[in-house]
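*Asks:* This is protein_22.cif (mmCIF, C-alpha atoms and all ligand atoms).
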data_model
loop_
_atom_site.label_atom_id
_atom_site.label_comp_id
_atom_site.auth_asym_id
_atom_site.auth_seq_id
_atom_site.Cartn_x
_atom_site.Cartn_y
_atom_site.Cartn_z
CA MET A 147 -10.10 -59.34 -34.95
CA ILE A 148 -12.04 -56.09 -35.28
CA HIS A 149 -11.81 -53.38 -37.91
CA THR A 150 -14.35 -50.57 -38.13
CA GLU A 151 -14.65 -47.56 -40.40
CA GLY A 152 -16.90 -44.63 -39.56
CA LEU A 153 -19.41 -46.70 -37.60
CA THR A 154 -22.46 -44.64 -36.60
CA LYS A 155 -25.81 -45.28 -34.96
CA THR A 156 -28.65 -42.79 -34.76
CA PHE A 157 -31.82 -43.66 -32.86
CA HIS A 158 -35.17 -42.05 -33.69
CA ARG A 159 -37.54 -42.09 -30.75
CA LYS A 160 -40.81 -40.28 -31.43
CA LYS A 161 -39.57 -36.80 -32.36
CA GLU A 162 -36.24 -37.25 -30.61
CA VAL A 163 -33.09 -38.04 -32.58
CA VAL A 164 -30.21 -39.54 -30.58
CA GLU A 165 -26.83 -39.73 -32.27
CA ALA A 166 -25.51 -42.47 -29.99
CA VAL A 167 -22.38 -43.33 -32.03
CA LYS A 168 -20.94 -40.70 -34.33
CA GLY A 169 -18.15 -42.37 -36.27
CA ILE A 170 -16.03 -45.02 -34.57
CA ASP A 171 -12.78 -46.12 -36.24
CA VAL A 172 -11.13 -48.81 -34.20
CA ASP A 173 -8.91 -51.85 -34.74
CA VAL A 174 -8.42 -54.67 -32.27
CA ARG A 175 -5.66 -57.24 -32.81
CA GLU A 176 -5.86 -60.91 -31.94
CA GLY A 177 -5.16 -61.58 -28.25
CA GLU A 178 -5.66 -57.97 -27.07
CA LEU A 179 -7.69 -57.00 -24.00
CA VAL A 180 -9.29 -53.66 -24.83
CA ALA A 181 -11.54 -51.60 -22.56
CA PHE A 182 -14.06 -49.07 -23.86
CA LEU A 183 -14.16 -46.46 -21.12
CA GLY A 184 -16.66 -43.60 -20.94
CA PRO A 185 -19.49 -42.08 -18.93
CA ASN A 186 -23.14 -43.21 -19.00
CA GLY A 187 -24.65 -42.67 -22.43
CA ALA A 188 -21.28 -42.29 -24.20
CA GLY A 189 -22.20 -44.94 -26.78
CA LYS A 190 -20.17 -47.90 -25.48
CA SER A 191 -23.00 -50.46 -25.36
CA THR A 192 -24.38 -49.30 -28.70
CA THR A 193 -20.95 -49.82 -30.27
CA LEU A 194 -20.71 -53.29 -28.73
CA ARG A 195 -24.20 -54.20 -29.89
CA MET A 196 -23.29 -53.20 -33.44
CA LEU A 197 -20.05 -55.19 -33.32
CA THR A 198 -21.94 -58.26 -32.13
CA SER A 199 -24.46 -57.83 -35.00
CA LEU A 200 -27.35 -57.29 -32.58
CA LEU A 201 -27.91 -53.77 -33.87
CA GLU A 202 -27.67 -52.57 -37.46
CA PRO A 203 -25.35 -49.56 -37.91
CA THR A 204 -26.81 -46.40 -39.45
CA SER A 205 -23.65 -45.99 -41.52
CA GLY A 206 -20.07 -47.18 -41.70
CA ARG A 207 -18.76 -50.72 -41.77
CA ALA A 208 -17.13 -53.25 -39.49
CA GLU A 209 -15.45 -56.61 -39.79
CA VAL A 210 -15.47 -58.82 -36.72
CA ALA A 211 -13.45 -62.05 -36.60
CA GLY A 212 -12.95 -61.60 -40.35
CA PHE A 213 -16.63 -61.22 -41.30
CA ASP A 214 -18.83 -58.27 -42.19
CA ILE A 215 -21.36 -57.49 -39.45
CA ARG A 216 -24.05 -56.47 -41.96
CA THR A 217 -23.75 -59.16 -44.60
CA GLN A 218 -22.34 -62.08 -42.57
CA PRO A 219 -23.95 -61.79 -39.12
CA ALA A 220 -24.26 -65.57 -38.63
CA GLU A 221 -20.52 -66.06 -39.22
CA VAL A 222 -19.80 -63.25 -36.76
CA ARG A 223 -22.12 -64.70 -34.11
CA SER A 224 -20.65 -68.17 -34.29
CA ARG A 225 -17.20 -66.74 -33.52
CA ILE A 226 -18.01 -64.41 -30.65
CA GLY A 227 -19.22 -64.57 -27.07
CA TYR A 228 -21.36 -61.69 -25.84
CA ILE A 229 -22.12 -61.02 -22.22
CA GLY A 230 -24.59 -58.15 -21.95
CA GLN A 231 -25.36 -55.95 -18.99
CA GLY A 232 -28.26 -57.99 -17.61
CA ASN A 233 -27.94 -61.50 -16.23
CA GLY A 234 -28.33 -64.12 -18.95
CA GLY A 235 -29.54 -67.14 -17.01
CA GLY A 236 -33.27 -67.74 -16.50
CA PHE A 237 -33.90 -67.39 -12.79
CA SER A 238 -35.88 -70.57 -12.17
CA TYR A 239 -33.66 -72.75 -14.38
CA ARG A 240 -30.86 -74.93 -13.15
CA VAL A 241 -27.30 -73.76 -13.82
CA ALA A 242 -26.23 -76.87 -15.76
CA ASP A 243 -29.43 -76.84 -17.86
CA GLU A 244 -28.76 -73.22 -18.87
CA LEU A 245 -25.27 -74.14 -20.04
CA HIS A 246 -26.49 -77.25 -21.88
CA ASN A 247 -29.22 -75.25 -23.63
CA GLN A 248 -26.63 -72.72 -24.73
CA GLY A 249 -24.57 -75.59 -26.16
CA ARG A 250 -27.63 -76.89 -28.02
CA PHE A 251 -28.21 -73.42 -29.51
CA TYR A 252 -24.75 -73.68 -31.01
CA GLY A 253 -25.53 -77.14 -32.39
CA LEU A 254 -23.03 -78.97 -30.20
CA PRO A 255 -23.54 -82.71 -29.60
CA ALA A 256 -24.58 -83.67 -26.05
CA SER A 257 -21.21 -85.19 -25.12
CA GLU A 258 -19.45 -81.98 -26.19
CA TYR A 259 -21.74 -79.48 -24.44
CA GLN A 260 -21.72 -81.55 -21.26
CA ARG A 261 -17.90 -81.61 -21.32
CA ARG A 262 -17.66 -77.86 -22.01
CA ALA A 263 -20.19 -77.03 -19.29
CA ALA A 264 -18.27 -79.11 -16.73
CA ASP A 265 -14.97 -77.47 -17.80
CA LEU A 266 -16.37 -73.96 -17.53
CA LEU A 267 -18.07 -74.61 -14.19
CA ALA A 268 -14.70 -75.77 -12.85
CA ALA A 269 -12.73 -72.89 -14.44
CA LEU A 270 -15.13 -70.32 -12.99
CA GLU A 271 -15.30 -71.95 -9.55
CA LEU A 272 -18.94 -72.90 -9.99
CA ASP A 273 -18.47 -76.64 -9.74
CA GLY A 274 -20.96 -78.24 -7.45
CA LEU A 275 -23.56 -75.60 -8.35
CA GLY A 276 -24.83 -77.25 -11.55
CA LYS A 277 -28.06 -78.45 -9.94
CA ARG A 278 -28.85 -75.15 -8.21
CA THR A 279 -31.30 -72.67 -9.73
CA VAL A 280 -29.84 -69.43 -11.13
CA GLN A 281 -31.81 -67.35 -8.63
CA SER A 282 -30.13 -69.13 -5.71
CA LEU A 283 -26.64 -67.94 -6.79
CA SER A 284 -24.89 -64.90 -5.34
CA GLY A 285 -24.36 -61.82 -7.55
CA GLY A 286 -20.75 -62.76 -8.26
CA GLN A 287 -21.62 -66.40 -9.03
CA ARG A 288 -24.41 -65.27 -11.37
CA ARG A 289 -22.03 -63.00 -13.26
CA ARG A 290 -19.53 -65.86 -13.56
CA LEU A 291 -22.36 -68.02 -14.93
CA ASP A 292 -22.97 -65.27 -17.53
CA VAL A 293 -19.31 -65.54 -18.53
CA ALA A 294 -19.62 -69.34 -18.76
CA LEU A 295 -22.71 -68.97 -20.98
CA GLY A 296 -20.78 -66.60 -23.25
CA LEU A 297 -17.94 -69.09 -23.59
CA MET A 298 -19.87 -72.27 -24.41
CA ASN A 299 -19.07 -71.90 -28.13
CA HIS A 300 -15.32 -71.41 -27.37
CA PRO A 301 -15.29 -68.03 -29.11
CA PRO A 302 -11.97 -66.51 -30.17
CA LEU A 303 -13.47 -63.09 -29.38
CA LEU A 304 -15.39 -62.20 -26.22
CA PHE A 305 -17.44 -59.04 -25.65
CA LEU A 306 -18.28 -58.12 -22.06
CA ASP A 307 -20.62 -55.21 -21.40
CA GLU A 308 -19.83 -53.87 -17.93
CA PRO A 309 -18.93 -57.30 -16.53
CA THR A 310 -18.35 -56.13 -12.97
CA THR A 311 -20.99 -53.43 -12.48
CA GLY A 312 -22.96 -54.04 -9.30
CA LEU A 313 -20.47 -56.50 -7.85
CA ASP A 314 -18.72 -55.88 -4.55
CA PRO A 315 -14.93 -55.28 -4.71
CA HIS A 316 -14.12 -58.89 -3.74
CA SER A 317 -16.37 -60.34 -6.46
CA ARG A 318 -14.97 -57.85 -9.00
CA ALA A 319 -11.40 -58.94 -8.25
CA ASN A 320 -12.45 -62.57 -8.34
CA LEU A 321 -14.15 -62.21 -11.73
CA TRP A 322 -11.05 -60.52 -13.14
CA GLU A 323 -8.91 -63.36 -11.88
CA HIS A 324 -11.15 -65.80 -13.74
CA ILE A 325 -11.12 -63.71 -16.91
CA GLY A 326 -7.30 -63.80 -16.76
CA VAL A 327 -7.26 -67.58 -16.38
CA LEU A 328 -9.76 -68.09 -19.23
CA ARG A 329 -7.75 -65.79 -21.45
CA GLU A 330 -4.63 -67.81 -20.88
CA ARG A 331 -6.43 -71.08 -21.35
CA TYR A 332 -8.39 -70.19 -24.49
CA GLY A 333 -6.17 -67.37 -25.90
CA MET A 334 -9.18 -65.10 -26.37
CA THR A 335 -9.35 -61.52 -27.56
CA ILE A 336 -11.48 -59.54 -25.10
CA VAL A 337 -13.34 -56.27 -25.62
CA LEU A 338 -15.21 -54.90 -22.64
CA THR A 339 -16.93 -51.75 -21.51
CA THR A 340 -16.53 -50.26 -18.09
CA HIS A 341 -16.83 -47.02 -16.22
CA TYR A 342 -14.58 -48.25 -13.44
CA LEU A 343 -11.41 -46.22 -13.97
CA ASP A 344 -9.24 -48.41 -11.75
CA GLU A 345 -10.36 -51.52 -13.60
CA ALA A 346 -9.56 -50.09 -17.04
CA ASP A 347 -6.22 -48.88 -15.73
CA SER A 348 -5.02 -52.10 -14.15
CA MET A 349 -6.62 -54.74 -16.38
CA ALA A 350 -6.79 -53.43 -19.93
CA GLU A 351 -3.82 -53.44 -22.27
CA ARG A 352 -5.49 -50.70 -24.27
CA VAL A 353 -8.12 -48.18 -23.30
CA VAL A 354 -10.42 -46.60 -25.87
CA VAL A 355 -11.92 -43.49 -24.28
CA ILE A 356 -15.40 -42.79 -25.69
CA ASP A 357 -17.35 -39.61 -25.11
CA HIS A 358 -20.51 -38.38 -26.86
CA GLY A 359 -20.32 -41.19 -29.41
CA THR A 360 -16.74 -40.58 -30.55
CA ILE A 361 -13.31 -41.91 -29.60
CA VAL A 362 -11.33 -39.19 -27.84
CA ALA A 363 -8.24 -41.30 -27.09
CA ASP A 364 -6.99 -44.82 -27.80
CA ALA A 365 -3.77 -46.08 -26.19
CA PRO A 366 -2.38 -48.26 -23.38
CA PRO A 367 -3.29 -46.77 -19.97
CA ALA A 368 0.32 -45.80 -19.20
CA ALA A 369 0.64 -43.94 -22.51
CA LEU A 370 -2.68 -42.14 -21.94
CA LYS A 371 -1.50 -40.96 -18.54
CA ARG A 372 1.91 -39.95 -19.87
CA ASP A 373 0.44 -37.98 -22.79
CA HIS A 374 -2.69 -36.48 -21.26
CA ALA A 375 -2.11 -36.11 -17.53
CA ASP A 376 0.51 -35.20 -14.95
CA ASP A 377 1.65 -36.58 -11.63
CA VAL A 378 1.67 -33.90 -8.94
CA VAL A 379 4.50 -33.72 -6.38
CA THR A 380 3.74 -31.52 -3.36
CA LEU A 381 6.45 -30.37 -0.97
CA VAL A 382 6.30 -28.09 2.04
CA VAL A 383 9.69 -26.46 2.67
CA ALA A 384 10.46 -24.68 5.95
CA GLY A 385 10.81 -20.91 5.42
CA THR A 386 13.51 -18.78 7.03
CA PRO A 387 12.29 -17.58 10.42
CA GLY A 388 12.21 -13.78 10.56
CA SER A 389 10.61 -10.81 8.89
CA PRO A 390 8.24 -11.05 5.86
CA ALA A 391 10.96 -9.22 3.85
CA GLN A 392 12.68 -12.62 3.51
CA VAL A 393 9.71 -14.24 1.80
CA PRO A 394 10.74 -13.59 -1.83
CA ASP A 395 14.22 -14.92 -0.96
CA ASP A 396 12.77 -18.20 0.32
CA VAL A 397 10.81 -18.74 -2.88
CA THR A 398 13.90 -17.88 -4.94
CA ARG A 399 16.07 -20.29 -2.94
CA VAL A 400 13.55 -23.10 -3.32
CA ARG A 401 13.21 -22.45 -7.05
CA ALA A 402 17.00 -22.35 -7.50
CA ALA A 403 17.40 -25.62 -5.57
CA LEU A 404 14.75 -27.34 -7.69
CA ALA A 405 15.87 -25.95 -11.06
CA PRO A 406 18.04 -29.00 -11.94
CA VAL A 407 15.19 -31.35 -11.03
CA VAL A 408 12.59 -29.51 -13.06
CA GLY A 409 14.85 -29.29 -16.13
CA GLU A 410 16.27 -26.41 -18.16
CA VAL A 411 12.98 -25.30 -19.69
CA GLY A 412 10.63 -25.69 -16.72
CA GLY A 413 10.71 -23.57 -13.62
CA GLY A 414 8.50 -20.56 -14.24
CA ALA A 415 5.23 -20.56 -12.36
CA GLY A 416 2.59 -21.79 -14.76
CA GLU A 417 4.97 -21.94 -17.71
CA PRO A 418 5.05 -25.05 -19.82
CA GLY A 419 8.16 -27.06 -19.22
CA ARG A 420 9.53 -30.06 -21.13
CA GLY A 421 7.17 -31.04 -23.87
CA GLY A 422 6.09 -27.42 -24.50
CA SER A 423 2.56 -26.82 -25.63
CA ASP A 424 2.29 -30.23 -27.34
CA GLY A 425 1.96 -32.13 -24.09
CA PRO A 426 2.36 -31.88 -20.38
CA GLY A 427 5.83 -31.06 -19.08
CA ASP A 428 7.22 -30.15 -15.67
CA ARG A 429 5.56 -27.10 -14.14
CA LEU A 430 6.61 -25.67 -10.81
CA HIS A 431 4.54 -23.42 -8.56
CA ALA A 432 5.94 -22.09 -5.31
CA THR A 433 3.95 -19.98 -2.86
CA VAL A 434 4.44 -18.87 0.72
CA GLY A 435 1.79 -19.85 3.27
CA ALA A 436 0.65 -17.95 6.35
CA GLY A 437 3.22 -19.68 8.57
CA GLY A 438 6.11 -18.67 6.30
CA ASP A 439 6.62 -22.17 4.81
CA VAL A 440 6.98 -22.50 1.04
CA THR A 441 4.50 -24.84 -0.63
CA VAL A 442 5.75 -26.27 -3.89
CA THR A 443 3.66 -28.15 -6.43
CA LEU A 444 5.42 -29.78 -9.33
CA SER A 445 3.34 -31.15 -12.21
CA THR A 446 5.40 -33.72 -14.01
CA THR A 447 5.13 -36.88 -16.07
CA HIS A 448 7.64 -38.66 -13.80
CA GLY A 449 6.48 -37.94 -10.28
CA ALA A 450 7.95 -41.08 -8.70
CA ASP A 451 11.42 -40.05 -9.98
CA ARG A 452 11.07 -36.33 -9.30
CA LEU A 453 9.93 -36.68 -5.68
CA PRO A 454 13.17 -38.16 -4.25
CA GLU A 455 15.28 -35.97 -6.57
CA ALA A 456 13.50 -32.85 -5.32
CA ILE A 457 13.90 -33.83 -1.65
CA GLU A 458 17.61 -34.49 -2.19
CA SER A 459 18.18 -31.20 -4.07
CA LEU A 460 16.47 -29.22 -1.32
CA ARG A 461 18.53 -31.03 1.34
CA VAL A 462 21.80 -30.29 -0.50
CA ALA A 463 20.77 -26.60 -0.70
CA GLY A 464 20.35 -26.60 3.10
CA LEU A 465 16.56 -26.38 2.99
CA SER A 466 14.39 -28.47 5.24
CA VAL A 467 11.41 -30.41 3.84
CA ARG A 468 8.53 -30.59 6.29
CA SER A 469 6.31 -32.86 4.21
CA ALA A 470 6.20 -34.42 0.79
CA GLY A 471 3.50 -36.15 -1.24
CA LEU A 472 2.86 -37.64 -4.65
CA LYS A 473 -0.46 -37.90 -6.49
CA GLN A 474 0.02 -40.09 -9.51
CA ALA A 475 -1.88 -39.36 -12.73
CA SER A 476 -5.11 -41.34 -13.10
CA LEU A 477 -7.35 -42.14 -16.04
CA ASP A 478 -9.82 -39.67 -14.52
CA ASP A 479 -7.19 -36.91 -14.97
CA VAL A 480 -6.85 -38.10 -18.58
CA PHE A 481 -10.61 -37.92 -19.10
CA LEU A 482 -10.77 -34.50 -17.44
CA ASN A 483 -7.98 -33.13 -19.63
CA LEU A 484 -9.53 -34.54 -22.79
CA THR A 485 -13.17 -33.59 -22.16
CA GLY A 486 -13.17 -30.97 -19.41
CA ARG A 487 -15.32 -33.27 -17.26
CA SER A 488 -14.57 -35.74 -14.49
CA LEU A 489 -15.65 -39.30 -15.17
CA ARG A 490 -15.55 -40.06 -11.46
CA GLU A 491 -17.94 -37.21 -10.64
CA GLU A 492 -20.28 -38.14 -13.51
CA ALA A 493 -20.39 -41.73 -12.28
CA ALA A 494 -21.20 -40.52 -8.76
N1 LIG B 501 -32.75 -48.30 -28.32
C1 LIG B 501 -32.49 -47.02 -28.11
N2 LIG B 501 -33.35 -46.05 -28.48
C2 LIG B 501 -33.08 -44.76 -28.28
N3 LIG B 501 -31.96 -44.30 -27.71
C3 LIG B 501 -31.06 -45.21 -27.33
C4 LIG B 501 -31.28 -46.62 -27.49
N4 LIG B 501 -30.18 -47.28 -27.02
C5 LIG B 501 -29.34 -46.34 -26.56
N5 LIG B 501 -29.86 -45.09 -26.73
C6 LIG B 501 -29.23 -43.82 -26.38
O1 LIG B 501 -27.95 -43.79 -27.01
C7 LIG B 501 -27.00 -43.15 -26.15
C8 LIG B 501 -25.83 -44.09 -25.93
O2 LIG B 501 -26.28 -45.19 -25.13
P1 LIG B 501 -25.33 -46.41 -24.74
O3 LIG B 501 -26.17 -47.38 -23.97
O4 LIG B 501 -24.62 -46.88 -25.93
O5 LIG B 501 -24.30 -45.69 -23.77
P2 LIG B 501 -23.22 -46.34 -22.80
O6 LIG B 501 -21.95 -45.60 -23.01
O7 LIG B 501 -23.16 -47.82 -22.99
O8 LIG B 501 -23.81 -46.01 -21.37
P3 LIG B 501 -23.88 -46.93 -20.03
O9 LIG B 501 -22.52 -46.88 -19.44
O10 LIG B 501 -24.90 -46.22 -19.21
O11 LIG B 501 -24.30 -48.31 -20.44
C9 LIG B 501 -27.75 -42.77 -24.89
O12 LIG B 501 -28.16 -41.41 -25.02
C10 LIG B 501 -28.95 -43.70 -24.90
O13 LIG B 501 -30.06 -43.13 -24.22
#
What is this file in structure tokens?

*Replies:*
Amino acid sequence: MIHTEGLTKTFHRKKEVVEAVKGIDVDVREGELVAFLGPNGAGKSTTLRMLTSLLEPTSGRAEVAGFDIRTQPAEVRSRIGYIGQGNGGGFSYRVADELHNQGRFYGLPASEYQRRAADLLAALELDGLGKRTVQSLSGGQRRRLDVALGLMNHPPLLFLDEPTTGLDPHSRANLWEHIGVLRERYGMTIVLTTHYLDEADSMAERVVVIDHGTIVADAPPAALKRDHADDVVTLVVAGTPGSPAQVPDDVTRVRAALAPVVGEVGGGAGEPGRGGSDGPGDRLHATVGAGGDVTVTLSTTHGADRLPEAIESLRVAGLSVRSAGLKQASLDDVFLNLTGRSLREEAA
């Protein structure tokens, strides 16, 4: 559906030169749901605007739905839907009129655009609102109208630029539900941008992480987390009551008990474990707190498995676990490890 080679875009604004996109190579297969994830100004919208033929690339090439974005923009446009960041409907217009006008733009006969409009209003739970003006709709309804407008030409490929930004959590979930239904019904390929980490994680089949105009990672969310981030298991183990002289023994006992869980290579504080320097492996840190308890943190790719194994190993060794916790790897950890910055903090 999409194939790009070295796509770039440089803006010249007065004396300022902004290299918004610095060489994007990406392929999207038919039926995929791909999220472009990155902080503000990363180049996501600019990439989307080039792929939709709204913006001419500075260099590089791209084929979208089988057509060249530079030389065959009309063919591209007739096969895509594009839902930009702003609301598409004119505020004082009626909902149904907006949809019908969109159908006319695509040269559909009246019977066809009326049928499609009615179908989409029903599919997006907007039925009954056709006669209302756009400005009278709620934020979530307005965004769903945007989606309906983008689907009037039944495009095989849909671009959504930050579809859920500004919506409350309920409306976000609701819009996603509708996108899922539409995808099933029309078998669309979907490319969207977002800076909601949770959304990219749970909804996208593939996440393309963009930073400073380049792709820094491109994989399914689970693979990104496996390859670029760790789960962290935290355990507090009761120390032996008595003199401070026993402290090193407690740490040694805890380490010995956890050695089979961590694996043959892992175990040294701060040392790379399985996976070596090529990727994250198990890493164990054990320190003694003021109260004499041993705090263990285990960085691992399989936290949900390691946590019960670790508790059981400590129990078998006669050690008592006071508390245990698991923080699973997130796409923010992935972004942090790849760029040295937190996407969550930048968004805030
Ligand atoms: N028309 C333009 N003229 C000059 N600079 C531009 C123009 N459009 C975008 N830029 C700049 O290009 C860079 C990338 O912008 P872009 O909108 O693609 O980022 P983004 O990742 O979509 O960000 P956001 O999440 O905020 O939408 C930014 O520095 C932006 O200021």

*Asks:* Report the distance between atom CA of A:Ser348 and atom C5 of ligand LIG 501 (chain B) in Å, rounded to one decimal place.

*Replies:* 27.9 Å

*Asks:* Quick one, how far is atom CA of A:Ile361 from atom CA of A:Gly169?

*Replies:* 8.3 Å

*Asks:* Please identify the residues whose atoms come within 10 Å of ligand LIG 501 (chain B), using only C-alpha atoms and all ligand atoms, and report them as JSON, numbers by chain.

*Replies:* {"A": [155, 156, 157, 158, 159, 160, 162, 163, 164, 165, 166, 167, 182, 183, 184, 185, 186, 187, 188, 189, 190, 191, 192, 193, 194, 195, 196, 201, 230, 231, 307, 308, 311, 339, 340, 341, 356, 357, 358, 359, 493]}

*Asks:* Residues near A:Ser238, anyone? I mean within 7 Å using all atoms listed in the file, not counting same-chain ones fewer than 5 positions away, as a list of chain:residue names.

*Replies:* A:Thr279, A:Val280, A:Gln281

*Asks:* Could you tell me how far atom CA of A:Gln248 sits from atom CA of A:Asn299, in Å to one decimal place?

*Replies:*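 Separation of atom CA of A:Asn299 and atom CA of A:Gln248: 8.3 Å.
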
*Asks:* Neighbouring residues of A:Asp347 were defined as those with any atom within 9 Å, considering all atoms listed in the file; residues of the same chain fewer than 6 positions away were excluded. Please report them as a PyMOL selection string.

*Replies:* chain A and resi 353+366-368+476-477
